[in-house]
$ cat coords04.txt   # compact mmCIF, C-alpha atoms and all ligand atoms
# COMPACT_ATOMS: atom_id res chain seq x y z
CA MET A 1 103.57 104.68 142.83
CA LYS A 2 102.18 101.71 144.74
CA ILE A 3 104.19 99.73 147.30
CA TYR A 4 104.25 95.98 147.89
CA ALA A 5 106.04 94.58 150.95
CA HIS A 6 108.51 92.09 149.46
CA ARG A 7 108.42 88.77 151.39
CA GLY A 8 106.50 90.81 154.00
CA SER A 9 108.38 93.62 155.69
CA SER A 10 111.53 91.60 155.16
CA GLY A 11 114.03 94.38 155.90
CA THR A 12 112.77 94.67 159.47
CA ALA A 13 111.61 91.11 160.24
CA PRO A 14 112.59 87.64 158.95
CA GLU A 15 111.33 87.26 155.38
CA ASN A 16 108.20 85.21 154.70
CA THR A 17 107.28 84.79 158.38
CA ILE A 18 104.07 85.75 160.16
CA ALA A 19 106.06 88.48 161.98
CA ALA A 20 107.05 90.06 158.64
CA PHE A 21 103.48 89.74 157.34
CA ARG A 22 101.84 91.23 160.45
CA GLU A 23 104.15 94.22 160.14
CA ALA A 24 103.26 94.62 156.44
CA ALA A 25 99.56 94.21 157.18
CA SER A 26 99.71 97.06 159.69
CA LEU A 27 100.97 99.52 157.05
CA PRO A 28 98.85 101.70 154.75
CA ILE A 29 100.65 100.29 151.69
CA HIS A 30 99.01 98.81 148.61
CA GLY A 31 100.12 95.19 148.77
CA VAL A 32 102.30 92.30 149.85
CA GLU A 33 104.39 89.75 147.97
CA PHE A 34 105.58 86.29 149.02
CA ASP A 35 106.79 82.96 147.65
CA VAL A 36 105.14 79.54 147.67
CA HIS A 37 106.63 76.04 147.57
CA MET A 38 105.04 72.63 148.20
CA THR A 39 106.00 70.04 150.82
CA LYS A 40 106.39 66.28 150.37
CA ASP A 41 102.84 65.83 151.73
CA GLY A 42 101.38 68.42 149.35
CA GLU A 43 101.07 71.36 151.75
CA LEU A 44 101.56 74.90 150.41
CA VAL A 45 104.21 76.77 152.40
CA VAL A 46 105.60 80.29 152.22
CA ILE A 47 109.38 80.39 151.88
CA HIS A 48 111.66 81.87 149.23
CA ASP A 49 114.29 79.20 148.62
CA GLU A 50 113.87 75.66 147.42
CA ARG A 51 116.04 74.65 150.39
CA ILE A 52 115.40 75.66 153.99
CA ASP A 53 119.07 76.16 154.90
CA ARG A 54 119.40 79.95 154.50
CA THR A 55 116.33 81.00 156.52
CA THR A 56 115.83 78.23 159.07
CA THR A 57 117.78 76.14 161.55
CA GLY A 58 117.22 73.07 159.34
CA SER A 59 118.74 71.73 156.15
CA GLY A 60 117.37 70.17 152.97
CA PHE A 61 114.74 70.67 150.29
CA VAL A 62 111.15 71.73 151.03
CA LYS A 63 109.95 69.06 148.58
CA ASP A 64 111.60 66.29 150.64
CA MET A 65 109.96 67.20 153.97
CA THR A 66 106.44 67.03 155.35
CA LEU A 67 104.88 70.10 156.88
CA GLY A 68 105.37 68.55 160.32
CA GLU A 69 109.06 68.05 159.65
CA LEU A 70 109.49 71.61 158.37
CA ARG A 71 107.81 73.01 161.47
CA GLN A 72 110.51 71.60 163.72
CA PHE A 73 112.85 74.32 162.55
CA ASP A 74 113.10 77.94 163.58
CA ALA A 75 112.63 80.48 160.78
CA GLY A 76 113.30 83.65 162.77
CA SER A 77 116.54 83.21 164.70
CA TRP A 78 118.78 83.68 161.62
CA PHE A 79 117.45 87.25 161.43
CA SER A 80 117.70 88.22 165.11
CA ALA A 81 117.09 86.84 168.59
CA ASP A 82 113.88 88.94 168.73
CA PHE A 83 112.26 86.57 166.24
CA VAL A 84 113.08 83.18 167.74
CA GLY A 85 110.00 80.95 167.47
CA GLN A 86 108.87 82.03 163.99
CA LEU A 87 108.06 79.03 161.80
CA ILE A 88 107.68 78.53 158.06
CA PRO A 89 104.03 79.54 157.57
CA THR A 90 101.48 77.79 155.38
CA LEU A 91 99.91 79.76 152.55
CA GLU A 92 96.58 79.61 154.38
CA GLU A 93 98.07 81.16 157.54
CA VAL A 94 99.53 84.02 155.52
CA LEU A 95 96.27 84.64 153.66
CA GLU A 96 94.47 84.72 157.05
CA VAL A 97 96.70 87.65 158.10
CA PHE A 98 95.68 89.71 155.07
CA LYS A 99 92.06 88.60 154.65
CA PRO A 100 90.63 91.21 157.07
CA ARG A 101 92.87 93.96 155.63
CA HIS A 102 92.80 95.80 152.29
CA HIS A 103 96.11 94.66 150.74
CA HIS A 104 96.57 93.30 147.24
CA ILE A 105 98.23 89.89 147.63
CA ASN A 106 100.96 88.78 145.22
CA ILE A 107 101.53 85.03 145.44
CA GLU A 108 104.68 84.01 143.58
CA LEU A 109 104.70 80.36 142.50
CA LYS A 110 108.29 79.25 142.84
CA SER A 111 109.72 77.19 140.01
CA ASP A 112 113.43 76.90 140.69
CA VAL A 113 114.78 73.50 139.65
CA PHE A 114 112.34 70.88 140.94
CA PRO A 115 108.83 71.34 139.53
CA TYR A 116 105.84 71.09 141.91
CA GLU A 117 103.16 69.05 140.16
CA GLY A 118 99.71 70.66 140.61
CA MET A 119 100.86 73.51 142.86
CA GLY A 120 99.17 76.23 140.77
CA ASP A 121 95.79 74.46 140.93
CA LYS A 122 96.09 74.01 144.70
CA VAL A 123 96.92 77.69 145.20
CA VAL A 124 93.97 78.78 143.08
CA ALA A 125 91.60 76.40 144.92
CA LEU A 126 92.67 77.81 148.30
CA VAL A 127 92.38 81.42 147.12
CA GLU A 128 88.86 80.72 145.82
CA ARG A 129 87.83 78.87 149.00
CA MET A 130 88.98 81.85 151.10
CA GLY A 131 87.05 84.31 148.91
CA LEU A 132 90.19 86.16 147.83
CA THR A 133 90.02 85.69 144.06
CA ASP A 134 89.70 89.42 143.38
CA ARG A 135 92.44 90.33 145.89
CA VAL A 136 95.35 88.32 144.45
CA VAL A 137 97.84 88.44 141.63
CA ILE A 138 99.58 85.14 140.98
CA SER A 139 103.05 85.53 139.49
CA SER A 140 105.85 83.26 138.34
CA PHE A 141 108.99 83.07 136.25
CA ASP A 142 107.28 79.96 134.82
CA HIS A 143 105.01 81.63 132.29
CA VAL A 144 103.41 78.33 131.28
CA SER A 145 101.96 77.99 134.78
CA ILE A 146 100.62 81.55 134.58
CA ARG A 147 98.99 80.72 131.25
CA SER A 148 97.40 77.60 132.64
CA ILE A 149 96.00 79.45 135.68
CA LYS A 150 94.52 82.12 133.43
CA ARG A 151 92.86 79.45 131.29
CA THR A 152 91.34 77.76 134.36
CA VAL A 153 90.19 80.91 136.19
CA PRO A 154 90.21 83.86 133.75
CA GLN A 155 89.26 86.41 136.42
CA ILE A 156 92.42 85.77 138.47
CA GLU A 157 95.05 88.43 137.92
CA THR A 158 98.44 87.11 136.80
CA GLY A 159 101.93 88.56 136.61
CA ALA A 160 104.80 87.33 134.46
CA LEU A 161 108.20 87.70 136.12
CA PHE A 162 111.26 88.80 134.15
CA VAL A 163 114.92 89.33 134.98
CA GLU A 164 115.51 90.86 131.54
CA VAL A 165 113.00 92.77 129.47
CA LEU A 166 112.11 91.32 126.07
CA VAL A 167 111.70 93.20 122.84
CA ASP A 168 107.91 93.50 122.36
CA ALA A 169 107.33 92.74 126.04
CA PHE A 170 103.82 94.19 125.85
CA GLU A 171 102.84 91.81 123.03
CA TYR A 172 104.51 88.88 124.83
CA GLY A 173 102.51 89.64 127.98
CA GLN A 174 99.30 89.74 125.95
CA ARG A 175 100.16 86.41 124.38
CA ILE A 176 100.67 84.48 127.66
CA PRO A 177 98.30 86.19 128.69
CA ALA A 178 99.39 88.00 131.85
CA ASN A 179 97.81 91.10 133.39
CA ALA A 180 101.12 92.57 134.53
CA LEU A 181 104.85 92.34 133.94
CA HIS A 182 106.91 92.06 137.11
CA MET A 183 110.45 93.12 136.23
CA ALA A 184 113.82 93.27 137.92
CA LEU A 185 114.88 96.87 138.52
CA PRO A 186 117.54 97.14 135.77
CA ALA A 187 115.16 95.63 133.20
CA SER A 188 112.43 98.10 134.17
CA LEU A 189 114.69 101.02 133.25
CA ARG A 190 115.51 99.80 129.73
CA PRO A 191 113.93 101.46 126.67
CA ALA A 192 112.07 98.22 125.87
CA SER A 193 110.27 98.54 129.20
CA ALA A 194 109.29 102.17 128.50
CA GLU A 195 108.00 101.03 125.11
CA ALA A 196 105.89 98.29 126.74
CA MET A 197 104.46 100.74 129.27
CA ALA A 198 103.67 103.26 126.53
CA LYS A 199 101.60 100.52 124.87
CA GLY A 200 99.71 99.94 128.13
CA ALA A 201 101.70 97.27 129.99
CA VAL A 202 101.32 97.33 133.78
CA VAL A 203 104.88 97.09 135.13
CA ARG A 204 105.82 96.38 138.75
CA VAL A 205 109.47 96.38 139.80
CA PHE A 206 111.55 94.29 142.21
CA THR A 207 113.39 94.81 144.50
CA VAL A 208 113.67 98.52 145.22
CA ASN A 209 115.37 99.39 148.49
CA GLU A 210 117.15 102.64 147.59
CA GLU A 211 115.52 106.06 147.43
CA GLN A 212 117.62 107.04 144.37
CA TYR A 213 116.00 104.21 142.42
CA VAL A 214 112.56 105.35 143.53
CA ASP A 215 113.38 108.81 142.14
CA LEU A 216 114.29 107.25 138.79
CA LEU A 217 111.18 105.09 138.68
CA LEU A 218 108.90 108.00 139.57
CA LYS A 219 109.85 109.51 136.20
CA THR A 220 108.46 106.41 134.42
CA LYS A 221 105.03 104.83 134.11
CA VAL A 222 105.94 102.01 136.55
CA GLU A 223 102.84 101.15 138.58
CA ALA A 224 104.44 99.70 141.71
CA ILE A 225 107.59 98.61 143.49
CA PHE A 226 108.35 95.60 145.66
CA THR A 227 110.50 96.63 148.60
CA ASP A 228 111.96 95.04 151.73
CA TYR A 229 111.42 98.38 153.55
CA PRO A 230 107.76 99.19 152.90
CA GLU A 231 107.33 101.66 155.78
CA ARG A 232 110.45 103.64 154.87
CA MET A 233 109.53 103.73 151.17
CA TYR A 234 105.93 104.68 151.96
CA ASN A 235 107.15 107.62 154.03
CA TYR A 236 109.65 108.64 151.35
CA ILE A 237 107.15 108.57 148.48
CA ASN A 238 104.41 110.29 150.45
CA ARG A 239 106.71 113.07 151.65
CA LYS A 240 107.62 114.01 148.08
O1 LIG A 301 108.08 88.84 142.82
C1 LIG A 301 109.16 89.69 142.68
C2 LIG A 301 110.42 89.11 143.27
O2 LIG A 301 110.10 88.64 144.54
C3 LIG A 301 111.03 88.01 142.45
O3 LIG A 301 112.28 87.65 142.92
O4 LIG A 301 113.85 86.14 144.08
O5 LIG A 301 112.75 87.95 145.35
O6 LIG A 301 111.44 85.99 144.59
P1 LIG A 301 112.59 86.89 144.30
CA CA A 302 109.32 86.57 145.28
$ encode --input "coords04.txt" --output "structure tokens"
Amino acid sequence: MKIYAHRGSSGTAPENTIAAFREAASLPIHGVEFDVHMTKDGELVVIHDERIDRTTTGSGFVKDMTLGELRQFDAGSWFSADFVGQLIPTLEEVLEVFKPRHHHINIELKSDVFPYEGMGDKVVALVERMGLTDRVVISSFDHVSIRSIKRTVPQIETGALFVEVLVDAFEYGQRIPANALHMALPASLRPASAEAMAKGAVVRVFTVNEEQYVDLLLKTKVEAIFTDYPERMYNYINRK
């Protein structure tokens, strides 16, 4: 079973920061996952929430601030004093960390409440410019944006995110179309998920931080897990 570092190595460093990504990039794991939003001045930035309050010293929505304004805030101190000075990284800075490495790169397009006009196209243009088209999977809970990316650049791998598994999930994935189904852990263990995998669906599961869940998933056809503890999970799976 493959391992993706979820928001970087986010159990051991502040999520979605260069520190968390450098740690993930140093590991012999398969891939990395992170989240993208867009600033007021159209810059692509890597942060999970629509607001900056939980993971930085600032307050407010990413969409209401310029990159310069966002960079005034610390994105590491909430995690521990060891990470003071970490900033919200741009997508380009994060891709630069992984470019010289081997990792598969899962870029999640965030689509919480406020839509980001044209964000998918900007992400694809940057990925192409950096020569990473065959190294990325672009995922989203917004399956329309996945469909539109696939129509524009058919060779880009896409993943449809689900909290619950649908009946006929395999057929639904084909219809979008998406190359993979990225499912929440409980959904991935439902019979409908097993049925989809038996038909050939590629299923990756978030977020798996407990060894007991890994044991359960190893009995299925799940291809990969997203975990906040990539080093620990790598050691666990490879010791088995
Ligand atoms: O991409 C899988 C997972 O990261 C989706 O949930 O909330 O952690 O972005 P979330
Ligand atoms: Ca995510």
$ closest_residue --input "coords04.txt" --among "A:Arg135, A:Arg190, A:Lys221, A:Lys99" --to "Glu164 of chain A" --atoms "all atoms listed in the file"
A:Arg190
$ atom_distance --input "coords04.txt" --atom1 "atom CA of Phe162 of chain A" --atom2 "atom C1 of ligand LIG 301 (chain A)"
8.8 Å
$ residues_near_ligand --input "coords04.txt" --ligand "ligand CA 302 (chain A)" --cutoff "9 Å" --atoms "only C-alpha atoms and all ligand atoms" --output "ChimeraX atom specification"
/A:6-7,33-36,48,106-110,139-140,206
$ residues_near_ligand --input "coords04.txt" --ligand "ligand LIG 301 (chain A)" --cutoff "12 Å" --atoms "all atoms listed in the file" --output "VMD selection string"
chain A and resid 4 to 8 10 15 to 16 31 to 37 46 to 50 105 to 112 137 to 142 158 to 163 180 to 185 203 to 208 224 to 228
$ closest_residue --input "coords04.txt" --among "A:Ile18, A:Ile237, A:Ala81, A:Ile149" --to "Gly120 of chain A" --atoms "only C-alpha atoms"
A:Ile149
$ residues_around --input "coords04.txt" --residues "Leu70 of chain A" --least-positions-apart "4" --cutoff "10 Å" --atoms "only C-alpha atoms" --output "number ranges by chain"
A: 39, 45, 52, 56-62, 64-66, 74-75, 87-89
$ residues_around --input "coords04.txt" --residues "segment 122-128 of chain A" --least-positions-apart "3" --cutoff "8 Å" --atoms "only C-alpha atoms" --output "PDB file with C-alpha atoms, keeping the file's coordinate frame"
ATOM      1  CA  LEU A  44     101.560  74.900 150.410  1.00  0.00           C
ATOM      2  CA  GLU A  92      96.580  79.610 154.380  1.00  0.00           C
ATOM      3  CA  GLY A 118      99.710  70.660 140.610  1.00  0.00           C
ATOM      4  CA  MET A 119     100.860  73.510 142.860  1.00  0.00           C
ATOM      5  CA  GLY A 131      87.050  84.310 148.910  1.00  0.00           C
ATOM      6  CA  LEU A 132      90.190  86.160 147.830  1.00  0.00           C
ATOM      7  CA  THR A 133      90.020  85.690 144.060  1.00  0.00           C
ATOM      8  CA  VAL A 136      95.350  88.320 144.450  1.00  0.00           C
ATOM      9  CA  ILE A 149      96.000  79.450 135.680  1.00  0.00           C
TER      10      ILE A 149
END
$ atom_distance --input "coords04.txt" --atom1 "atom CA of Leu216 of chain A" --atom2 "atom CA of Gly11 of chain A"
21.4 Å
$ atom_distance --input "coords04.txt" --atom1 "atom CA of Arg51 of chain A" --atom2 "atom CA of Tyr116 of chain A"
13.7 Å
$ closest_residue --input "coords04.txt" --among "A:Asn179, A:Ser193, A:Ser145, A:Thr12" --to "Ser80 of chain A" --atoms "only C-alpha atoms"
A:Thr12
$ closest_residue --input "coords04.txt" --among "A:Gly200, A:Gly85, A:Pro191, A:Gly42" --to "Gln72 of chain A" --atoms "all atoms listed in the file"
A:Gly85
$ closest_residue --input "coords04.txt" --among "A:Ser77, A:Ser26, A:Gln174, A:Gln212" --to "Lys150 of chain A" --atoms "all atoms listed in the file"
A:Gln174
$ closest_residue --input "coords04.txt" --among "A:Arg129, A:Arg71, A:Arg101, A:Lys2" --to "Met233 of chain A" --atoms "all atoms listed in the file"
A:Lys2
$ residues_near_point --input "coords04.txt" --point "(99.1, 84.0, 132.1)" --cutoff "6 Å" --atoms "only C-alpha atoms" --output "CSV table (one decimal) with C-alpha atoms, keeping the file's coordinate frame"
chain,number,residue,atom,x,y,z
A,146,ILE,CA,100.6,81.6,134.6
A,147,ARG,CA,99.0,80.7,131.2
A,150,LYS,CA,94.5,82.1,133.4
A,158,THR,CA,98.4,87.1,136.8
A,176,ILE,CA,100.7,84.5,127.7
A,177,PRO,CA,98.3,86.2,128.7
A,178,ALA,CA,99.4,88.0,131.8
$ residues_near_point --input "coords04.txt" --point "(118.2, 94.3, 131.6)" --cutoff "6 Å" --atoms "only C-alpha atoms" --output "ChimeraX atom specification"
/A:164-165,186-187
$ residues_around --input "coords04.txt" --residues "Phe170 of chain A" --least-positions-apart "6" --cutoff "8 Å" --atoms "all atoms listed in the file" --output "PyMOL selection string"
chain A and resi 196-197+199-201
$ decode --input "coords04.txt" --residues "segment 14-60 of chain A" --atoms "N, CA and C atoms" --output "short mmCIF file (atom, residue, chain, number, x, y, z; two decimals), in the first residue's frame"
data_model
loop_
_atom_site.label_atom_id
_atom_site.label_comp_id
_atom_site.auth_asym_id
_atom_site.auth_seq_id
_atom_site.Cartn_x
_atom_site.Cartn_y
_atom_site.Cartn_z
N PRO A 14 4.30 21.76 11.15
CA PRO A 14 3.04 22.46 10.85
C PRO A 14 2.55 22.17 9.43
N GLU A 15 1.30 21.76 9.33
CA GLU A 15 0.72 21.34 8.04
C GLU A 15 0.92 22.40 6.95
N ASN A 16 1.12 21.90 5.73
CA ASN A 16 1.19 22.78 4.55
C ASN A 16 2.22 23.89 4.68
N THR A 17 3.36 23.58 5.34
CA THR A 17 4.48 24.53 5.35
C THR A 17 5.67 23.87 4.69
N ILE A 18 6.65 24.69 4.32
CA ILE A 18 7.86 24.15 3.68
C ILE A 18 8.55 23.16 4.63
N ALA A 19 8.50 23.40 5.93
CA ALA A 19 9.11 22.47 6.89
C ALA A 19 8.46 21.09 6.78
N ALA A 20 7.12 21.05 6.71
CA ALA A 20 6.40 19.77 6.60
C ALA A 20 6.68 19.11 5.24
N PHE A 21 6.86 19.92 4.22
CA PHE A 21 7.12 19.35 2.88
C PHE A 21 8.55 18.84 2.75
N ARG A 22 9.51 19.57 3.35
CA ARG A 22 10.91 19.09 3.28
C ARG A 22 11.01 17.74 3.99
N GLU A 23 10.32 17.62 5.12
CA GLU A 23 10.36 16.35 5.85
C GLU A 23 9.77 15.24 4.99
N ALA A 24 8.63 15.51 4.36
CA ALA A 24 7.99 14.50 3.50
C ALA A 24 8.91 14.15 2.32
N ALA A 25 9.54 15.16 1.76
CA ALA A 25 10.39 14.94 0.58
C ALA A 25 11.62 14.10 0.91
N SER A 26 11.99 14.08 2.19
CA SER A 26 13.18 13.30 2.57
C SER A 26 12.84 11.82 2.79
N LEU A 27 11.56 11.47 2.74
CA LEU A 27 11.15 10.09 3.05
C LEU A 27 11.00 9.26 1.78
N PRO A 28 11.21 7.93 1.90
CA PRO A 28 11.08 7.06 0.73
C PRO A 28 9.62 6.65 0.47
N ILE A 29 8.70 7.57 0.69
CA ILE A 29 7.27 7.28 0.50
C ILE A 29 6.87 7.60 -0.95
N HIS A 30 5.64 7.20 -1.30
CA HIS A 30 5.21 7.36 -2.69
C HIS A 30 4.87 8.81 -3.05
N GLY A 31 4.16 9.51 -2.14
CA GLY A 31 3.67 10.82 -2.57
C GLY A 31 3.39 11.80 -1.45
N VAL A 32 2.86 12.95 -1.87
CA VAL A 32 2.52 14.02 -0.94
C VAL A 32 1.19 14.61 -1.37
N GLU A 33 0.45 15.12 -0.39
CA GLU A 33 -0.83 15.77 -0.67
C GLU A 33 -0.83 17.14 0.00
N PHE A 34 -1.48 18.12 -0.66
CA PHE A 34 -1.66 19.43 -0.03
C PHE A 34 -2.81 20.17 -0.70
N ASP A 35 -3.16 21.33 -0.09
CA ASP A 35 -4.39 22.04 -0.46
C ASP A 35 -4.07 23.42 -1.03
N VAL A 36 -4.82 23.81 -2.06
CA VAL A 36 -4.54 25.09 -2.71
C VAL A 36 -5.75 26.02 -2.65
N HIS A 37 -5.47 27.27 -2.30
CA HIS A 37 -6.46 28.37 -2.36
C HIS A 37 -5.86 29.49 -3.20
N MET A 38 -6.66 30.53 -3.47
CA MET A 38 -6.16 31.65 -4.28
C MET A 38 -6.35 32.98 -3.53
N THR A 39 -5.32 33.82 -3.60
CA THR A 39 -5.35 35.11 -2.90
C THR A 39 -6.14 36.14 -3.71
N LYS A 40 -6.33 37.29 -3.08
CA LYS A 40 -7.04 38.41 -3.71
C LYS A 40 -6.35 38.85 -5.00
N ASP A 41 -4.99 38.75 -5.02
CA ASP A 41 -4.24 39.14 -6.22
C ASP A 41 -3.91 37.94 -7.12
N GLY A 42 -4.70 36.86 -6.97
CA GLY A 42 -4.61 35.75 -7.92
C GLY A 42 -3.42 34.82 -7.74
N GLU A 43 -2.77 34.86 -6.58
CA GLU A 43 -1.64 33.95 -6.34
C GLU A 43 -2.15 32.63 -5.76
N LEU A 44 -1.51 31.53 -6.16
CA LEU A 44 -1.89 30.21 -5.65
C LEU A 44 -1.10 29.92 -4.39
N VAL A 45 -1.80 29.67 -3.29
CA VAL A 45 -1.12 29.42 -2.02
C VAL A 45 -1.58 28.09 -1.42
N VAL A 46 -0.67 27.52 -0.60
CA VAL A 46 -0.92 26.20 -0.03
C VAL A 46 -1.30 26.35 1.44
N ILE A 47 -2.56 26.09 1.70
CA ILE A 47 -3.13 26.20 3.05
C ILE A 47 -4.41 25.38 3.01
N HIS A 48 -4.79 24.80 4.15
CA HIS A 48 -5.98 23.95 4.14
C HIS A 48 -7.29 24.73 4.23
N ASP A 49 -7.36 25.66 5.18
CA ASP A 49 -8.65 26.32 5.44
C ASP A 49 -8.84 27.54 4.53
N GLU A 50 -10.10 27.89 4.37
CA GLU A 50 -10.46 29.09 3.64
C GLU A 50 -10.01 30.34 4.41
N ARG A 51 -9.98 30.22 5.74
CA ARG A 51 -9.52 31.30 6.61
C ARG A 51 -8.12 30.96 7.12
N ILE A 52 -7.38 31.98 7.52
CA ILE A 52 -6.01 31.73 7.98
C ILE A 52 -5.92 31.60 9.50
N ASP A 53 -7.05 31.73 10.17
CA ASP A 53 -7.04 31.84 11.65
C ASP A 53 -6.45 30.62 12.37
N ARG A 54 -6.79 29.41 11.93
CA ARG A 54 -6.39 28.22 12.68
C ARG A 54 -4.87 27.98 12.61
N THR A 55 -4.26 28.26 11.46
CA THR A 55 -2.86 27.85 11.26
C THR A 55 -1.88 29.02 11.12
N THR A 56 -2.35 30.23 11.35
CA THR A 56 -1.40 31.36 11.31
C THR A 56 -1.70 32.32 12.46
N THR A 57 -0.85 33.33 12.57
CA THR A 57 -1.06 34.35 13.60
C THR A 57 -2.04 35.43 13.12
N GLY A 58 -2.54 35.30 11.88
CA GLY A 58 -3.46 36.29 11.34
C GLY A 58 -4.91 35.86 11.42
N SER A 59 -5.77 36.67 10.81
CA SER A 59 -7.20 36.39 10.83
C SER A 59 -7.84 36.87 9.53
N GLY A 60 -8.79 36.09 9.02
CA GLY A 60 -9.50 36.51 7.81
C GLY A 60 -9.43 35.45 6.72
#
